[in-house]
Structures are given as structure tokens and as C-alpha cells.
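Colleague: See entry.cif below, with mmCIF, C-alpha atoms.
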```
data_model
#
loop_
_atom_site.label_atom_id
_atom_site.label_comp_id
_atom_site.auth_asym_id
_atom_site.auth_seq_id
_atom_site.Cartn_x
_atom_site.Cartn_y
_atom_site.Cartn_z
CA MET A 1 -14.60 25.63 4.05
CA ALA A 2 -13.32 23.58 6.99
CA SER A 3 -14.20 19.88 6.82
CA ILE A 4 -16.37 18.36 9.55
CA PHE A 5 -13.22 16.67 10.88
CA THR A 6 -11.36 19.98 11.11
CA LYS A 7 -14.31 21.34 13.10
CA ILE A 8 -14.12 18.30 15.40
CA ILE A 9 -10.37 18.73 15.86
CA LYS A 10 -10.86 22.42 16.72
CA GLY A 11 -13.65 21.54 19.17
CA GLU A 12 -16.25 23.46 17.17
CA ILE A 13 -18.21 20.22 16.87
CA PRO A 14 -18.18 17.93 19.92
CA SER A 15 -16.68 14.46 19.64
CA TYR A 16 -15.84 11.46 21.76
CA LYS A 17 -12.12 12.02 21.65
CA ILE A 18 -9.70 9.13 22.09
CA ALA A 19 -6.26 10.69 21.69
CA GLU A 20 -4.21 13.23 19.80
CA ASN A 21 -0.63 14.20 19.15
CA ASP A 22 0.91 17.15 17.31
CA GLN A 23 -0.33 16.08 13.92
CA CYS A 24 -3.01 13.44 14.40
CA PHE A 25 -6.39 13.12 16.13
CA ALA A 26 -8.56 10.09 17.00
CA PHE A 27 -12.23 10.01 18.01
CA LEU A 28 -15.17 7.60 17.97
CA ASP A 29 -17.19 7.24 14.78
CA ILE A 30 -20.75 8.24 15.77
CA ASN A 31 -22.16 5.86 13.17
CA PRO A 32 -20.15 2.85 14.28
CA LEU A 33 -20.02 -0.57 12.71
CA ALA A 34 -18.92 -1.91 16.11
CA LYS A 35 -18.36 -0.62 19.62
CA GLY A 36 -14.99 1.08 19.64
CA HIS A 37 -15.06 1.99 15.91
CA THR A 38 -12.61 4.88 15.78
CA LEU A 39 -11.55 7.42 13.16
CA VAL A 40 -7.94 8.58 12.91
CA VAL A 41 -7.29 11.77 10.94
CA PRO A 42 -4.38 14.08 10.21
CA LYS A 43 -4.92 17.56 11.67
CA LYS A 44 -3.88 18.93 8.30
CA GLU A 45 -6.84 18.82 5.95
CA ILE A 46 -5.87 16.65 2.99
CA ASP A 47 -8.56 14.92 0.97
CA TYR A 48 -6.91 11.69 -0.19
CA LEU A 49 -4.84 9.55 2.15
CA PHE A 50 -2.33 8.63 -0.55
CA ASP A 51 -1.69 12.35 -1.17
CA VAL A 52 -0.56 12.85 2.45
CA GLU A 53 3.20 13.46 2.39
CA ASP A 54 5.31 10.51 3.51
CA GLU A 55 6.35 11.77 6.94
CA LEU A 56 2.83 12.67 8.08
CA TYR A 57 1.46 9.53 6.41
CA ARG A 58 3.84 7.39 8.46
CA LEU A 59 3.02 9.31 11.65
CA LEU A 60 -0.66 8.74 10.99
CA PHE A 61 -0.26 4.98 10.70
CA THR A 62 2.05 4.77 13.71
CA PHE A 63 -0.51 6.71 15.75
CA SER A 64 -3.25 4.40 14.39
CA LYS A 65 -1.30 1.41 15.68
CA GLN A 66 -1.06 2.93 19.16
CA VAL A 67 -4.78 3.66 19.14
CA ALA A 68 -5.60 0.15 17.86
CA LYS A 69 -3.59 -1.38 20.72
CA ALA A 70 -5.69 0.63 23.17
CA ILE A 71 -8.96 -0.33 21.45
CA GLU A 72 -8.21 -4.05 21.64
CA LYS A 73 -7.54 -3.80 25.37
CA VAL A 74 -11.05 -2.49 25.92
CA ILE A 75 -13.26 -4.03 23.23
CA PRO A 76 -13.50 -7.83 23.03
CA CYS A 77 -12.67 -8.75 19.42
CA GLU A 78 -10.56 -11.05 17.24
CA ARG A 79 -8.67 -8.15 15.71
CA VAL A 80 -8.79 -4.46 15.09
CA GLY A 81 -9.27 -4.07 11.34
CA ILE A 82 -8.43 -1.12 9.13
CA ALA A 83 -10.55 0.42 6.41
CA VAL A 84 -9.86 3.47 4.29
CA LEU A 85 -12.44 4.48 1.69
CA GLY A 86 -12.51 8.26 1.56
CA LEU A 87 -15.57 8.57 -0.66
CA GLU A 88 -17.56 10.81 1.64
CA VAL A 89 -15.75 13.36 3.84
CA PRO A 90 -12.90 15.04 1.86
CA HIS A 91 -10.47 14.80 4.78
CA ALA A 92 -8.33 11.67 4.89
CA HIS A 93 -9.39 9.25 7.65
CA ILE A 94 -8.54 5.76 8.78
CA HIS A 95 -11.28 3.56 10.25
CA LEU A 96 -10.13 1.29 13.08
CA ILE A 97 -12.84 -1.30 13.63
CA PRO A 98 -12.96 -4.15 16.16
CA ILE A 99 -13.84 -7.21 14.06
CA ASN A 100 -14.78 -10.82 14.55
CA SER A 101 -15.80 -11.61 10.98
CA ILE A 102 -15.48 -10.17 7.47
CA TYR A 103 -19.01 -8.80 7.82
CA ASP A 104 -17.91 -6.45 10.59
CA ILE A 105 -16.17 -4.19 8.08
CA GLU A 106 -19.07 -3.72 5.64
CA PHE A 107 -20.11 -0.10 5.46
CA SER A 108 -23.52 -0.82 3.95
CA ARG A 109 -24.58 -2.60 7.15
CA PRO A 110 -26.90 -0.82 9.57
CA LYS A 111 -24.84 1.15 12.05
CA LEU A 112 -25.04 0.61 15.81
CA LYS A 113 -27.20 2.95 17.82
CA LEU A 114 -25.41 3.79 21.05
CA SER A 115 -26.46 6.15 23.82
CA GLU A 116 -24.35 9.14 24.77
CA GLU A 117 -23.49 7.28 27.96
CA GLU A 118 -22.24 4.28 26.00
CA PHE A 119 -20.12 6.44 23.68
CA LYS A 120 -18.66 8.25 26.69
CA ASP A 121 -17.83 5.02 28.51
CA ILE A 122 -16.19 3.48 25.45
CA ALA A 123 -14.16 6.62 24.68
CA SER A 124 -13.07 6.98 28.29
CA GLY A 125 -11.98 3.32 28.48
CA ILE A 126 -9.94 3.48 25.28
CA ARG A 127 -8.47 6.88 26.22
CA GLN A 128 -7.27 5.50 29.54
CA GLU A 129 -5.64 2.51 27.88
CA TYR A 130 -4.01 4.76 25.29
CA GLU A 131 -2.57 6.95 28.03
CA LYS A 132 -1.35 3.90 29.96
CA ILE A 133 0.42 2.50 26.89
CA ASN A 134 1.93 5.85 25.83
CA GLN A 135 2.80 7.48 29.14
CA MET B 1 4.81 -24.25 8.54
CA ALA B 2 5.35 -21.49 6.01
CA SER B 3 2.24 -19.42 5.26
CA ILE B 4 0.83 -19.37 1.75
CA PHE B 5 2.20 -15.82 1.42
CA THR B 6 5.71 -16.93 2.40
CA LYS B 7 5.47 -19.61 -0.31
CA ILE B 8 4.39 -16.94 -2.79
CA ILE B 9 7.26 -14.64 -1.78
CA LYS B 10 9.74 -17.52 -2.19
CA GLY B 11 8.24 -18.37 -5.60
CA GLU B 12 7.16 -21.83 -4.43
CA ILE B 13 3.61 -20.85 -5.37
CA PRO B 14 3.22 -18.72 -8.52
CA SER B 15 1.74 -15.24 -8.22
CA TYR B 16 1.04 -12.18 -10.33
CA LYS B 17 3.77 -10.10 -8.77
CA ILE B 18 3.53 -6.31 -8.71
CA ALA B 19 6.63 -5.19 -6.84
CA GLU B 20 8.97 -5.92 -3.98
CA ASN B 21 11.67 -4.31 -1.91
CA ASP B 22 13.97 -5.71 0.78
CA GLN B 23 11.21 -6.28 3.27
CA CYS B 24 7.88 -6.09 1.46
CA PHE B 25 6.14 -7.87 -1.42
CA ALA B 26 3.03 -6.99 -3.48
CA PHE B 27 1.00 -9.26 -5.75
CA LEU B 28 -2.53 -9.49 -7.17
CA ASP B 29 -5.24 -11.09 -5.04
CA ILE B 30 -6.47 -14.06 -7.12
CA ASN B 31 -9.95 -13.67 -5.61
CA PRO B 32 -10.26 -9.97 -6.34
CA LEU B 33 -13.08 -7.64 -5.36
CA ALA B 34 -12.02 -5.41 -8.27
CA LYS B 35 -9.50 -5.44 -11.10
CA GLY B 36 -6.18 -4.40 -9.60
CA HIS B 37 -6.99 -5.68 -6.08
CA THR B 38 -3.52 -6.14 -4.63
CA LEU B 39 -2.09 -7.67 -1.45
CA VAL B 40 0.91 -6.12 0.28
CA VAL B 41 2.74 -8.29 2.80
CA PRO B 42 5.90 -8.11 4.89
CA LYS B 43 8.42 -10.76 3.88
CA LYS B 44 8.78 -11.57 7.57
CA GLU B 45 5.94 -13.85 8.62
CA ILE B 46 4.01 -12.06 11.36
CA ASP B 47 0.37 -12.93 11.96
CA TYR B 48 -1.16 -9.66 13.16
CA LEU B 49 -0.41 -6.34 11.44
CA PHE B 50 -0.41 -4.41 14.70
CA ASP B 51 2.26 -6.77 16.06
CA VAL B 52 4.66 -5.82 13.25
CA GLU B 53 7.47 -3.75 14.77
CA ASP B 54 7.25 -0.01 14.08
CA GLU B 55 10.02 0.28 11.51
CA LEU B 56 8.80 -2.57 9.30
CA TYR B 57 5.18 -1.47 9.84
CA ARG B 58 6.02 2.00 8.52
CA LEU B 59 7.96 0.55 5.57
CA LEU B 60 4.97 -1.63 4.73
CA PHE B 61 2.59 1.33 4.59
CA THR B 62 5.05 3.49 2.65
CA PHE B 63 5.46 0.66 0.13
CA SER B 64 1.65 0.30 0.02
CA LYS B 65 1.35 3.98 -0.90
CA GLN B 66 3.83 3.55 -3.76
CA VAL B 67 1.92 0.52 -5.02
CA ALA B 68 -1.44 2.32 -4.67
CA LYS B 69 -0.12 5.21 -6.77
CA ALA B 70 0.77 2.71 -9.50
CA ILE B 71 -2.60 0.94 -9.28
CA GLU B 72 -4.54 4.17 -9.74
CA LYS B 73 -2.57 5.01 -12.87
CA VAL B 74 -3.75 1.79 -14.47
CA ILE B 75 -7.19 1.00 -13.05
CA PRO B 76 -9.98 3.56 -13.53
CA CYS B 77 -11.39 4.25 -10.03
CA GLU B 78 -12.39 6.99 -7.60
CA ARG B 79 -9.77 5.94 -5.08
CA VAL B 80 -7.59 3.09 -4.00
CA GLY B 81 -9.03 1.93 -0.70
CA ILE B 82 -7.32 0.02 2.10
CA ALA B 83 -8.65 -2.94 4.06
CA VAL B 84 -6.93 -5.01 6.70
CA LEU B 85 -8.87 -7.86 8.29
CA GLY B 86 -6.42 -10.65 8.99
CA LEU B 87 -8.99 -13.28 9.92
CA GLU B 88 -7.92 -15.90 7.40
CA VAL B 89 -4.24 -16.19 6.45
CA PRO B 90 -2.02 -15.80 9.57
CA HIS B 91 0.47 -13.56 7.75
CA ALA B 92 -0.23 -9.82 7.96
CA HIS B 93 -1.51 -8.38 4.68
CA ILE B 94 -2.90 -5.10 3.43
CA HIS B 95 -5.59 -5.12 0.73
CA LEU B 96 -5.33 -2.28 -1.79
CA ILE B 97 -8.62 -2.15 -3.67
CA PRO B 98 -9.68 0.22 -6.46
CA ILE B 99 -13.07 1.53 -5.32
CA ASN B 100 -15.93 3.60 -6.66
CA SER B 101 -18.44 2.93 -3.87
CA ILE B 102 -18.55 1.57 -0.32
CA TYR B 103 -19.76 -1.75 -1.73
CA ASP B 104 -16.46 -2.29 -3.51
CA ILE B 105 -14.73 -3.13 -0.24
CA GLU B 106 -17.18 -5.79 1.01
CA PHE B 107 -15.49 -9.14 1.35
CA SER B 108 -18.71 -11.15 1.37
CA ARG B 109 -19.42 -10.08 -2.23
CA PRO B 110 -18.80 -12.57 -5.03
CA LYS B 111 -15.24 -12.23 -6.25
CA LEU B 112 -14.37 -11.40 -9.86
CA LYS B 113 -13.44 -14.24 -12.16
CA LEU B 114 -10.53 -13.16 -14.34
CA SER B 115 -8.60 -15.16 -16.91
CA GLU B 116 -4.87 -15.77 -16.55
CA GLU B 117 -4.44 -13.35 -19.45
CA GLU B 118 -6.35 -10.62 -17.63
CA PHE B 119 -4.39 -11.13 -14.41
CA LYS B 120 -1.11 -11.01 -16.37
CA ASP B 121 -2.10 -7.82 -18.21
CA ILE B 122 -3.20 -6.06 -15.02
CA ALA B 123 -0.07 -7.08 -13.10
CA SER B 124 2.18 -6.07 -15.96
CA GLY B 125 0.49 -2.65 -16.27
CA ILE B 126 0.74 -1.90 -12.55
CA ARG B 127 4.32 -3.23 -12.38
CA GLN B 128 5.39 -0.92 -15.20
CA GLU B 129 3.81 2.11 -13.50
CA TYR B 130 5.43 1.16 -10.19
CA GLU B 131 8.82 0.96 -11.87
CA LYS B 132 8.27 4.29 -13.65
CA ILE B 133 7.34 6.03 -10.38
CA ASN B 134 10.16 4.48 -8.36
CA GLN B 135 13.03 4.36 -10.82
#
```
Please render this file's structure as C-alpha cells.
Modeller:
Amino acid sequence: MASIFTKIIKGEIPSYKIAENDQCFAFLDINPLAKGHTLVVPKKEIDYLFDVEDELYRLLFTFSKQVAKAIEKVIPCERVGIAVLGLEVPHAHIHLIPINSIYDIEFSRPKLKLSEEEFKDIASGIRQEYEKINQ
Amino acid sequence: MASIFTKIIKGEIPSYKIAENDQCFAFLDINPLAKGHTLVVPKKEIDYLFDVEDELYRLLFTFSKQVAKAIEKVIPCERVGIAVLGLEVPHAHIHLIPINSIYDIEFSRPKLKLSEEEFKDIASGIRQEYEKINQ
């Protein structure tokens, strides 16, 4: 069965898309730890990040860097942090999270509740920056 | 002034080394969230991970994958997770953390206290696996 991320990539489930290339896709986490919290996934459905073959694995992290650069242009933060856990959805994904303290990367914290309008505005802002950087 | 990680890489400060290559270095975190918690750093002192130039950045993540594969051979865990925060030491570093739940990657949790013997045993086990995989 297709993972929820595969359904998002195919557009079968709506998402606040940030960017994509041939092999990777980025969209907002709808249970964000911070505004701008983004998920980066390979289009190919592989459960465990460290099982992704080297070439795609490198592409995924290079794409994540490009997305992170766009996030930090839009979201005020000290840094964009990275987290990879992979305990829930069996489709490798990289969390990019704007952080100001170590607490901003704790997944047991209550998630932000944002309106559709807020998600749309954030996604649109980051998408524009991504396109500016990578045009 | 050289960062604490540069001093570790140069051997001016002792560490429980796991592995190194031309441009990257891995060693145990001495304030670990879990047994086998490892730090991967570029030998070049760059503060922010997303400022590391693409080639070195990709090398760093490829090396991290090789180290993670060795960690999971030695430390019983669901996954090896990744965390990058970068709020404390101004020398980019990737945390590789054996995890079984989302709580295992929370940096505000009390750190494990391990004896020198335990650190040495863990490092030696992971180092041997790394060498086996990459010989």
C-alpha cells in the first residue's frame, strides 16, 4: 500500500508543497513544531533513510540544504535544524525545523495549531524563496 | 580560536574515536542521550552545517551513513536517528543517536553517565564494525 507521503507526492492527499525535483519532494509538516517545519522525502518509497542508496541519499540532503536556505529567509530563527527519526511513517523523511533552542526539536511537545491561511502563507513564502535561490 | 572539535580532531583533547576519513571525523558524544550516540564533524571548522560547501556537505552525510550502519550493528535499537541543532559548539556537527522512541532524541533529557570502560568498549565495537564494512 502506498505510504501517506507517496499519496501526498502524487497529489492524492493535499499538501502545502514547498518544492520538488526529479527525485525529492518537500512540503510543510501539518503538525509542526515551529512555523516553517518542513518534511523532505524521496519520491521513491524507502522505509529507512540509511537504506536509501548513496546517490539518492546525497540528492536528498543536497535538496534539503536548498530548502533549508529558503526556510531561513522566511522564518526568523537562529538555525534550521535537522531531525530524522523514522519511527512512524515507513517512508524516509527529513524534518527541517526552524529552531532557537534545543526545546524546539522535541517531538513530544504540543504541536502548533495553524490555520489553513497561515500554512498557505508560509508555504508560499518559502516556495518563492526556493525558486529565487534555484532559478 | 580552535573549536573544541578541532582540538579533538587534532588529538589535543582525547576522544573515543569511531572513524575518520580525509575530511570527516566521528567520535562518541561524552554526554550521550543513548549508548552509541556519536558526533560526526567536518575537519574543516565551519559553524553552520548549511554553510558547508556542497561537496564536503555530501561527503559528511555519506560518512554519517557509513558510521550509522556500524552503530546499528553494535547497539540494539529501532533506528539510528539524526539530529542537527548547532546552537552550542560553533563547529558543524551531526548527532547520530540510536533510538527506540521519539523521546530518545530530546536534548533536554538527562544524559547517560557511562564509565570510561563503557565508552571504550562501545567505541571499540563500533570502530571494528565500521572497519569491517569499509575495508
Colleague: Residues of chain B were defined as contacting chain A if any atom lay at most 9 Å from it, counting all atoms listed in the file; please report them as a PyMOL selection string.
Modeller: chain B and resi 48-51+54+57-59+61-62+65-66+68-69+78-87+94+99-103+105-108
Colleague: Any chance you could export the current selection's C-alpha atoms as a tab-separated table (two decimals), in the frame of the given file?
Modeller:
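So the final result, stored in again37.tsv, reads:
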```tsv
chain	number	residue	atom	x	y	z
B	48	TYR	CA	-1.16	-9.66	13.16
B	49	LEU	CA	-0.41	-6.34	11.44
B	50	PHE	CA	-0.41	-4.41	14.70
B	51	ASP	CA	2.26	-6.77	16.06
B	54	ASP	CA	7.25	-0.01	14.08
B	57	TYR	CA	5.18	-1.47	9.84
B	58	ARG	CA	6.02	2.00	8.52
B	59	LEU	CA	7.96	0.55	5.57
B	61	PHE	CA	2.59	1.33	4.59
B	62	THR	CA	5.05	3.49	2.65
B	65	LYS	CA	1.35	3.98	-0.90
B	66	GLN	CA	3.83	3.55	-3.76
B	68	ALA	CA	-1.44	2.32	-4.67
B	69	LYS	CA	-0.12	5.21	-6.77
B	78	GLU	CA	-12.39	6.99	-7.60
B	79	ARG	CA	-9.77	5.94	-5.08
B	80	VAL	CA	-7.59	3.09	-4.00
B	81	GLY	CA	-9.03	1.93	-0.70
B	82	ILE	CA	-7.32	0.02	2.10
B	83	ALA	CA	-8.65	-2.94	4.06
B	84	VAL	CA	-6.93	-5.01	6.70
B	85	LEU	CA	-8.87	-7.86	8.29
B	86	GLY	CA	-6.42	-10.65	8.99
B	87	LEU	CA	-8.99	-13.28	9.92
B	94	ILE	CA	-2.90	-5.10	3.43
B	99	ILE	CA	-13.07	1.53	-5.32
B	100	ASN	CA	-15.93	3.60	-6.66
B	101	SER	CA	-18.44	2.93	-3.87
B	102	ILE	CA	-18.55	1.57	-0.32
B	103	TYR	CA	-19.76	-1.75	-1.73
B	105	ILE	CA	-14.73	-3.13	-0.24
B	106	GLU	CA	-17.18	-5.79	1.01
B	107	PHE	CA	-15.49	-9.14	1.35
B	108	SER	CA	-18.71	-11.15	1.37
```
Colleague: Place a sphere of radius 12 Å on (-1.3, -9.4, -16.0) in the file coordinates and name every protein, DNA or RNA residue with an atom inside or on its surface, counting only C-alpha atoms; give the answer as a PyMOL selection string.
Modeller: chain B and resi 15-18+27-30+35-36+74+114-128
Colleague: Write out the coordinates of chain B as a PDB file with C-alpha atoms, in the coordinates of the input after a least-squares overlay onto chain A built on all ordered Cα pairs.
Modeller:
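And here is the file that came out, superposed_39.pdb:
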```pdb
ATOM      1  CA  MET B   1     -14.596  25.590   4.033  1.00  0.00           C
ATOM      2  CA  ALA B   2     -13.325  23.572   6.969  1.00  0.00           C
ATOM      3  CA  SER B   3     -14.204  19.868   6.825  1.00  0.00           C
ATOM      4  CA  ILE B   4     -16.368  18.354   9.534  1.00  0.00           C
ATOM      5  CA  PHE B   5     -13.222  16.655  10.877  1.00  0.00           C
ATOM      6  CA  THR B   6     -11.355  19.968  11.102  1.00  0.00           C
ATOM      7  CA  LYS B   7     -14.310  21.339  13.096  1.00  0.00           C
ATOM      8  CA  ILE B   8     -14.120  18.305  15.377  1.00  0.00           C
ATOM      9  CA  ILE B   9     -10.359  18.722  15.853  1.00  0.00           C
ATOM     10  CA  LYS B  10     -10.855  22.415  16.707  1.00  0.00           C
ATOM     11  CA  GLY B  11     -13.645  21.508  19.156  1.00  0.00           C
ATOM     12  CA  GLU B  12     -16.235  23.464  17.162  1.00  0.00           C
ATOM     13  CA  ILE B  13     -18.201  20.224  16.866  1.00  0.00           C
ATOM     14  CA  PRO B  14     -18.178  17.944  19.934  1.00  0.00           C
ATOM     15  CA  SER B  15     -16.676  14.473  19.640  1.00  0.00           C
ATOM     16  CA  TYR B  16     -15.844  11.467  21.780  1.00  0.00           C
ATOM     17  CA  LYS B  17     -12.119  12.032  21.668  1.00  0.00           C
ATOM     18  CA  ILE B  18      -9.701   9.134  22.096  1.00  0.00           C
ATOM     19  CA  ALA B  19      -6.269  10.690  21.691  1.00  0.00           C
ATOM     20  CA  GLU B  20      -4.206  13.224  19.818  1.00  0.00           C
ATOM     21  CA  ASN B  21      -0.628  14.186  19.155  1.00  0.00           C
ATOM     22  CA  ASP B  22       0.897  17.153  17.322  1.00  0.00           C
ATOM     23  CA  GLN B  23      -0.341  16.084  13.936  1.00  0.00           C
ATOM     24  CA  CYS B  24      -3.017  13.434  14.400  1.00  0.00           C
ATOM     25  CA  PHE B  25      -6.391  13.119  16.133  1.00  0.00           C
ATOM     26  CA  ALA B  26      -8.554  10.078  17.011  1.00  0.00           C
ATOM     27  CA  PHE B  27     -12.220  10.015  18.004  1.00  0.00           C
ATOM     28  CA  LEU B  28     -15.163   7.593  17.973  1.00  0.00           C
ATOM     29  CA  ASP B  29     -17.194   7.250  14.780  1.00  0.00           C
ATOM     30  CA  ILE B  30     -20.747   8.261  15.787  1.00  0.00           C
ATOM     31  CA  ASN B  31     -22.163   5.864  13.180  1.00  0.00           C
ATOM     32  CA  PRO B  32     -20.142   2.866  14.294  1.00  0.00           C
ATOM     33  CA  LEU B  33     -20.024  -0.572  12.709  1.00  0.00           C
ATOM     34  CA  ALA B  34     -18.915  -1.912  16.106  1.00  0.00           C
ATOM     35  CA  LYS B  35     -18.359  -0.622  19.625  1.00  0.00           C
ATOM     36  CA  GLY B  36     -14.976   1.084  19.628  1.00  0.00           C
ATOM     37  CA  HIS B  37     -15.061   1.997  15.907  1.00  0.00           C
ATOM     38  CA  THR B  38     -12.610   4.883  15.784  1.00  0.00           C
ATOM     39  CA  LEU B  39     -11.550   7.432  13.162  1.00  0.00           C
ATOM     40  CA  VAL B  40      -7.945   8.589  12.913  1.00  0.00           C
ATOM     41  CA  VAL B  41      -7.302  11.771  10.947  1.00  0.00           C
ATOM     42  CA  PRO B  42      -4.384  14.082  10.219  1.00  0.00           C
ATOM     43  CA  LYS B  43      -4.921  17.544  11.673  1.00  0.00           C
ATOM     44  CA  LYS B  44      -3.876  18.929   8.298  1.00  0.00           C
ATOM     45  CA  GLU B  45      -6.846  18.828   5.945  1.00  0.00           C
ATOM     46  CA  ILE B  46      -5.872  16.646   2.991  1.00  0.00           C
ATOM     47  CA  ASP B  47      -8.572  14.918   0.970  1.00  0.00           C
ATOM     48  CA  TYR B  48      -6.913  11.701  -0.201  1.00  0.00           C
ATOM     49  CA  LEU B  49      -4.832   9.541   2.155  1.00  0.00           C
ATOM     50  CA  PHE B  50      -2.333   8.634  -0.545  1.00  0.00           C
ATOM     51  CA  ASP B  51      -1.706  12.345  -1.166  1.00  0.00           C
ATOM     52  CA  VAL B  52      -0.561  12.848   2.439  1.00  0.00           C
ATOM     53  CA  GLU B  53       3.194  13.468   2.391  1.00  0.00           C
ATOM     54  CA  ASP B  54       5.315  10.507   3.507  1.00  0.00           C
ATOM     55  CA  GLU B  55       6.342  11.773   6.929  1.00  0.00           C
ATOM     56  CA  LEU B  56       2.828  12.684   8.077  1.00  0.00           C
ATOM     57  CA  TYR B  57       1.443   9.533   6.415  1.00  0.00           C
ATOM     58  CA  ARG B  58       3.830   7.386   8.459  1.00  0.00           C
ATOM     59  CA  LEU B  59       3.014   9.297  11.661  1.00  0.00           C
ATOM     60  CA  LEU B  60      -0.681   8.738  11.002  1.00  0.00           C
ATOM     61  CA  PHE B  61      -0.269   4.971  10.702  1.00  0.00           C
ATOM     62  CA  THR B  62       2.049   4.769  13.713  1.00  0.00           C
ATOM     63  CA  PHE B  63      -0.519   6.716  15.749  1.00  0.00           C
ATOM     64  CA  SER B  64      -3.247   4.397  14.393  1.00  0.00           C
ATOM     65  CA  LYS B  65      -1.303   1.391  15.682  1.00  0.00           C
ATOM     66  CA  GLN B  66      -1.054   2.940  19.154  1.00  0.00           C
ATOM     67  CA  VAL B  67      -4.782   3.660  19.150  1.00  0.00           C
ATOM     68  CA  ALA B  68      -5.599   0.148  17.864  1.00  0.00           C
ATOM     69  CA  LYS B  69      -3.581  -1.374  20.712  1.00  0.00           C
ATOM     70  CA  ALA B  70      -5.696   0.625  23.167  1.00  0.00           C
ATOM     71  CA  ILE B  71      -8.969  -0.327  21.458  1.00  0.00           C
ATOM     72  CA  GLU B  72      -8.211  -4.041  21.654  1.00  0.00           C
ATOM     73  CA  LYS B  73      -7.533  -3.796  25.377  1.00  0.00           C
ATOM     74  CA  VAL B  74     -11.046  -2.498  25.925  1.00  0.00           C
ATOM     75  CA  ILE B  75     -13.262  -4.026  23.237  1.00  0.00           C
ATOM     76  CA  PRO B  76     -13.508  -7.830  23.037  1.00  0.00           C
ATOM     77  CA  CYS B  77     -12.660  -8.751  19.411  1.00  0.00           C
ATOM     78  CA  GLU B  78     -10.564 -11.043  17.227  1.00  0.00           C
ATOM     79  CA  ARG B  79      -8.661  -8.140  15.721  1.00  0.00           C
ATOM     80  CA  VAL B  80      -8.781  -4.446  15.102  1.00  0.00           C
ATOM     81  CA  GLY B  81      -9.271  -4.077  11.369  1.00  0.00           C
ATOM     82  CA  ILE B  82      -8.427  -1.122   9.141  1.00  0.00           C
ATOM     83  CA  ALA B  83     -10.551   0.423   6.406  1.00  0.00           C
ATOM     84  CA  VAL B  84      -9.867   3.477   4.305  1.00  0.00           C
ATOM     85  CA  LEU B  85     -12.444   4.476   1.702  1.00  0.00           C
ATOM     86  CA  GLY B  86     -12.490   8.251   1.540  1.00  0.00           C
ATOM     87  CA  LEU B  87     -15.567   8.567  -0.656  1.00  0.00           C
ATOM     88  CA  GLU B  88     -17.570  10.805   1.654  1.00  0.00           C
ATOM     89  CA  VAL B  89     -15.753  13.348   3.836  1.00  0.00           C
ATOM     90  CA  PRO B  90     -12.917  15.029   1.850  1.00  0.00           C
ATOM     91  CA  HIS B  91     -10.482  14.807   4.774  1.00  0.00           C
ATOM     92  CA  ALA B  92      -8.338  11.659   4.888  1.00  0.00           C
ATOM     93  CA  HIS B  93      -9.399   9.261   7.644  1.00  0.00           C
ATOM     94  CA  ILE B  94      -8.545   5.761   8.775  1.00  0.00           C
ATOM     95  CA  HIS B  95     -11.279   3.559  10.259  1.00  0.00           C
ATOM     96  CA  LEU B  96     -10.129   1.297  13.095  1.00  0.00           C
ATOM     97  CA  ILE B  97     -12.846  -1.294  13.629  1.00  0.00           C
ATOM     98  CA  PRO B  98     -12.959  -4.144  16.156  1.00  0.00           C
ATOM     99  CA  ILE B  99     -13.834  -7.201  14.061  1.00  0.00           C
ATOM    100  CA  ASN B 100     -14.771 -10.827  14.550  1.00  0.00           C
ATOM    101  CA  SER B 101     -15.805 -11.610  10.965  1.00  0.00           C
ATOM    102  CA  ILE B 102     -15.484 -10.164   7.462  1.00  0.00           C
ATOM    103  CA  TYR B 103     -19.013  -8.785   7.809  1.00  0.00           C
ATOM    104  CA  ASP B 104     -17.913  -6.442  10.576  1.00  0.00           C
ATOM    105  CA  ILE B 105     -16.164  -4.177   8.085  1.00  0.00           C
ATOM    106  CA  GLU B 106     -19.066  -3.710   5.635  1.00  0.00           C
ATOM    107  CA  PHE B 107     -20.109  -0.095   5.439  1.00  0.00           C
ATOM    108  CA  SER B 108     -23.521  -0.803   3.933  1.00  0.00           C
ATOM    109  CA  ARG B 109     -24.582  -2.598   7.136  1.00  0.00           C
ATOM    110  CA  PRO B 110     -26.890  -0.799   9.557  1.00  0.00           C
ATOM    111  CA  LYS B 111     -24.825   1.166  12.038  1.00  0.00           C
ATOM    112  CA  LEU B 112     -25.038   0.606  15.795  1.00  0.00           C
ATOM    113  CA  LYS B 113     -27.198   2.943  17.819  1.00  0.00           C
ATOM    114  CA  LEU B 114     -25.406   3.790  21.053  1.00  0.00           C
ATOM    115  CA  SER B 115     -26.459   6.149  23.819  1.00  0.00           C
ATOM    116  CA  GLU B 116     -24.342   9.155  24.770  1.00  0.00           C
ATOM    117  CA  GLU B 117     -23.506   7.254  27.954  1.00  0.00           C
ATOM    118  CA  GLU B 118     -22.226   4.266  25.993  1.00  0.00           C
ATOM    119  CA  PHE B 119     -20.125   6.439  23.683  1.00  0.00           C
ATOM    120  CA  LYS B 120     -18.661   8.263  26.707  1.00  0.00           C
ATOM    121  CA  ASP B 121     -17.828   5.009  28.512  1.00  0.00           C
ATOM    122  CA  ILE B 122     -16.176   3.475  25.447  1.00  0.00           C
ATOM    123  CA  ALA B 123     -14.146   6.609  24.683  1.00  0.00           C
ATOM    124  CA  SER B 124     -13.075   6.960  28.287  1.00  0.00           C
ATOM    125  CA  GLY B 125     -11.974   3.299  28.466  1.00  0.00           C
ATOM    126  CA  ILE B 126      -9.939   3.484  25.259  1.00  0.00           C
ATOM    127  CA  ARG B 127      -8.473   6.882  26.219  1.00  0.00           C
ATOM    128  CA  GLN B 128      -7.271   5.503  29.549  1.00  0.00           C
ATOM    129  CA  GLU B 129      -5.621   2.502  27.865  1.00  0.00           C
ATOM    130  CA  TYR B 130      -4.002   4.778  25.281  1.00  0.00           C
ATOM    131  CA  GLU B 131      -2.579   6.951  28.040  1.00  0.00           C
ATOM    132  CA  LYS B 132      -1.347   3.900  29.974  1.00  0.00           C
ATOM    133  CA  ILE B 133       0.430   2.507  26.894  1.00  0.00           C
ATOM    134  CA  ASN B 134       1.941   5.831  25.844  1.00  0.00           C
ATOM    135  CA  GLN B 135       2.797   7.478  29.140  1.00  0.00           C
TER     136      GLN B 135
END
```
Colleague: Can you list what the PyMOL selection byres ((chain B and resi 22) around 10) grabs from this structure, as a PyMOL selection string?
Modeller: chain B and resi 20-21+23-25+42-43+59
Colleague: Do you know which residues are at most 8 Å from Glu45 in chain B counting only C-alpha atoms, after dropping those on the same chain fewer than 2 positions away, and could you put them as number ranges by chain?
Modeller: B: 3, 6, 42-43, 47, 91-92
Colleague: Counting all atoms listed in the file, which of B:Lys44, B:Glu72, B:Lys113, B:Val67 gets nearest to Phe5 in chain B?
Modeller: B:Lys44
Colleague: Select, from B:Ile46, B:Ile133, B:Ile71, B:Val89, the residue with the minimum atom-to-atom distance to Ala34 in chain B, counting all atoms listed in the file.
Modeller: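 When distances to Ala34 in chain B are compared using all atoms listed in the file, the smallest one comes from B:Ile71.
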Colleague: Enter the distance from CA of Pro90 in chain A to CA of Ile4 in chain A, in Å, rounded to one decimal.
Modeller: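 Value for the CA of Pro90 in chain A-CA of Ile4 in chain A distance: 9.1 Å.
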Colleague: To one decimal place in Å, what is the distance between CA of Ile13 in chain B and CA of Leu33 in chain B?
Modeller: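 Distance reported for this atom pair: 21.3 Å.
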Colleague: What is the distance between CA of Ile8 in chain B and CA of His93 in chain B, in Å to one decimal?
Modeller: 12.8 Å
